[in-house]
Amino acid sequence: MNHSCFVYDERLDIHVPLLERPFEEYALEERLSMIEVWEDIRGRIPSKVMMLEHAIERMLREMNEESDFEKSCRLNGEIAELASQINDLHIWYRTTQDEPTVKRHM
């Protein structure tokens with residue numbers, strides 16, 4: 001597996017692609033390896049999103065019962081950050097790179 005084209009994103013808790021040149025410029029074998037690694041990473045994104053959604057739900061319940069304004073503001077900020085992480089994970093999840101085996105001409 002080729003992990004050299006991926007860097008760990010601490011905020012999202014996943015490895016994300018970091019290519020030194022356009023994907024198409026890599027050799028076929030390298031591209032296929034990168035796709036394999038990325039598909040493995042992508043496959044874990046939905047469960048990460050679900051965990052973040054559960055954390056948001058818990059914080060919302062806590063915020064609804066909180067009478068301390070400063071603590072409510074802190075919870076609101078944490079919820080916003082988790083929602084931002086979910087959004088970024090969705091963007092990465094939609095990022096795919098297919099290696100066409102047959103070129104079609106129209």
# chains A, B, ... in the order shown; residues from 1 in each chain; ligands from 1
>>> select_by_dssp(residues="region 21-98 of chain A", states="helix (DSSP H, G or I)", output="number ranges by chain")
A: 23-25, 28-65, 69-93
>>> write_last_selection(atoms="C-alpha atoms", output="PDB file, in the first residue's frame")
ATOM      1  CA  PHE A  23      -2.897  12.452 -10.209  1.00  0.00           C
ATOM      2  CA  GLU A  24      -2.746  11.629 -13.927  1.00  0.00           C
ATOM      3  CA  GLU A  25       1.046  12.073 -13.949  1.00  0.00           C
ATOM      4  CA  LEU A  28      -0.781   3.426 -13.415  1.00  0.00           C
ATOM      5  CA  GLU A  29       0.426   1.116 -10.622  1.00  0.00           C
ATOM      6  CA  GLU A  30       0.908   4.090  -8.263  1.00  0.00           C
ATOM      7  CA  ARG A  31      -2.550   5.474  -9.103  1.00  0.00           C
ATOM      8  CA  LEU A  32      -4.190   2.120  -8.466  1.00  0.00           C
ATOM      9  CA  SER A  33      -2.378   1.842  -5.132  1.00  0.00           C
ATOM     10  CA  MET A  34      -3.461   5.361  -4.145  1.00  0.00           C
ATOM     11  CA  ILE A  35      -7.067   4.574  -5.089  1.00  0.00           C
ATOM     12  CA  GLU A  36      -6.958   1.406  -2.976  1.00  0.00           C
ATOM     13  CA  VAL A  37      -5.638   3.303   0.061  1.00  0.00           C
ATOM     14  CA  TRP A  38      -8.124   6.140  -0.425  1.00  0.00           C
ATOM     15  CA  GLU A  39     -11.094   3.772  -0.745  1.00  0.00           C
ATOM     16  CA  ASP A  40     -10.076   2.161   2.559  1.00  0.00           C
ATOM     17  CA  ILE A  41      -9.919   5.610   4.212  1.00  0.00           C
ATOM     18  CA  ARG A  42     -13.217   6.723   2.617  1.00  0.00           C
ATOM     19  CA  GLY A  43     -14.916   3.594   3.908  1.00  0.00           C
ATOM     20  CA  ARG A  44     -14.294   4.708   7.485  1.00  0.00           C
ATOM     21  CA  ILE A  45     -15.637   8.254   7.058  1.00  0.00           C
ATOM     22  CA  PRO A  46     -19.370   7.456   7.598  1.00  0.00           C
ATOM     23  CA  SER A  47     -18.702   5.949  11.033  1.00  0.00           C
ATOM     24  CA  LYS A  48     -16.590   9.002  11.981  1.00  0.00           C
ATOM     25  CA  VAL A  49     -19.467  11.275  10.925  1.00  0.00           C
ATOM     26  CA  MET A  50     -21.907   9.231  12.983  1.00  0.00           C
ATOM     27  CA  MET A  51     -19.708   9.535  16.089  1.00  0.00           C
ATOM     28  CA  LEU A  52     -19.500  13.312  15.640  1.00  0.00           C
ATOM     29  CA  GLU A  53     -23.270  13.536  15.140  1.00  0.00           C
ATOM     30  CA  HIS A  54     -23.823  11.635  18.410  1.00  0.00           C
ATOM     31  CA  ALA A  55     -21.460  14.024  20.191  1.00  0.00           C
ATOM     32  CA  ILE A  56     -23.405  17.006  18.801  1.00  0.00           C
ATOM     33  CA  GLU A  57     -26.697  15.491  19.961  1.00  0.00           C
ATOM     34  CA  ARG A  58     -25.263  14.985  23.450  1.00  0.00           C
ATOM     35  CA  MET A  59     -23.960  18.560  23.569  1.00  0.00           C
ATOM     36  CA  LEU A  60     -27.303  19.943  22.355  1.00  0.00           C
ATOM     37  CA  ARG A  61     -29.092  18.117  25.177  1.00  0.00           C
ATOM     38  CA  GLU A  62     -26.522  19.445  27.637  1.00  0.00           C
ATOM     39  CA  MET A  63     -26.856  22.971  26.234  1.00  0.00           C
ATOM     40  CA  ASN A  64     -30.664  22.872  26.533  1.00  0.00           C
ATOM     41  CA  GLU A  65     -30.321  22.145  30.264  1.00  0.00           C
ATOM     42  CA  PHE A  69     -24.429  31.488  29.723  1.00  0.00           C
ATOM     43  CA  GLU A  70     -20.657  31.161  29.325  1.00  0.00           C
ATOM     44  CA  LYS A  71     -20.843  27.368  29.365  1.00  0.00           C
ATOM     45  CA  SER A  72     -23.689  27.502  26.813  1.00  0.00           C
ATOM     46  CA  CYS A  73     -21.536  29.671  24.558  1.00  0.00           C
ATOM     47  CA  ARG A  74     -18.610  27.247  24.907  1.00  0.00           C
ATOM     48  CA  LEU A  75     -20.869  24.288  24.040  1.00  0.00           C
ATOM     49  CA  ASN A  76     -22.244  26.189  21.065  1.00  0.00           C
ATOM     50  CA  GLY A  77     -18.699  26.800  19.809  1.00  0.00           C
ATOM     51  CA  GLU A  78     -17.804  23.128  20.237  1.00  0.00           C
ATOM     52  CA  ILE A  79     -20.949  22.104  18.365  1.00  0.00           C
ATOM     53  CA  ALA A  80     -20.052  24.484  15.516  1.00  0.00           C
ATOM     54  CA  GLU A  81     -16.556  22.975  15.295  1.00  0.00           C
ATOM     55  CA  LEU A  82     -17.923  19.415  15.192  1.00  0.00           C
ATOM     56  CA  ALA A  83     -20.423  20.446  12.502  1.00  0.00           C
ATOM     57  CA  SER A  84     -17.539  21.940  10.501  1.00  0.00           C
ATOM     58  CA  GLN A  85     -15.608  18.674  10.823  1.00  0.00           C
ATOM     59  CA  ILE A  86     -18.660  16.740   9.597  1.00  0.00           C
ATOM     60  CA  ASN A  87     -18.924  19.068   6.601  1.00  0.00           C
ATOM     61  CA  ASP A  88     -15.238  18.587   5.756  1.00  0.00           C
ATOM     62  CA  LEU A  89     -15.540  14.808   6.130  1.00  0.00           C
ATOM     63  CA  HIS A  90     -18.516  14.841   3.729  1.00  0.00           C
ATOM     64  CA  ILE A  91     -16.427  16.770   1.207  1.00  0.00           C
ATOM     65  CA  TRP A  92     -13.600  14.231   1.484  1.00  0.00           C
ATOM     66  CA  TYR A  93     -16.088  11.356   1.276  1.00  0.00           C
TER      67      TYR A  93
END
>>> select_by_dssp(residues="chain A", states="strand (DSSP E or B)", output="PyMOL selection string")
chain A and resi 6-9+14-17
>>> residues_around(residues="Val7 (chain A)", least_positions_apart="6", cutoff="7 Å", atoms="only C-alpha atoms", output="ChimeraX atom specification")
/A:15-18
>>> write_last_selection(atoms="N, CA and C atoms", output="PDB file, in the first residue's frame")
ATOM      1  N   HIS A  15      -6.331  10.231   7.211  1.00  0.00           N
ATOM      2  CA  HIS A  15      -5.276  10.602   6.268  1.00  0.00           C
ATOM      3  C   HIS A  15      -5.955  11.163   5.025  1.00  0.00           C
ATOM      4  N   VAL A  16      -5.407  12.241   4.498  1.00  0.00           N
ATOM      5  CA  VAL A  16      -5.962  12.855   3.293  1.00  0.00           C
ATOM      6  C   VAL A  16      -4.874  12.900   2.217  1.00  0.00           C
ATOM      7  N   PRO A  17      -5.278  12.896   0.955  1.00  0.00           N
ATOM      8  CA  PRO A  17      -4.294  12.930  -0.133  1.00  0.00           C
ATOM      9  C   PRO A  17      -3.503  14.230  -0.144  1.00  0.00           C
ATOM     10  N   LEU A  18      -2.236  14.102  -0.408  1.00  0.00           N
ATOM     11  CA  LEU A  18      -1.360  15.256  -0.615  1.00  0.00           C
ATOM     12  C   LEU A  18      -0.420  14.866  -1.753  1.00  0.00           C
TER      13      LEU A  18
END
>>> atom_distance(atom1="CA of Arg11 (chain A)", atom2="CA of Tyr26 (chain A)")
28.1 Å
>>> atom_distance(atom1="CA of Phe6 (chain A)", atom2="CA of Arg21 (chain A)")
13.0 Å
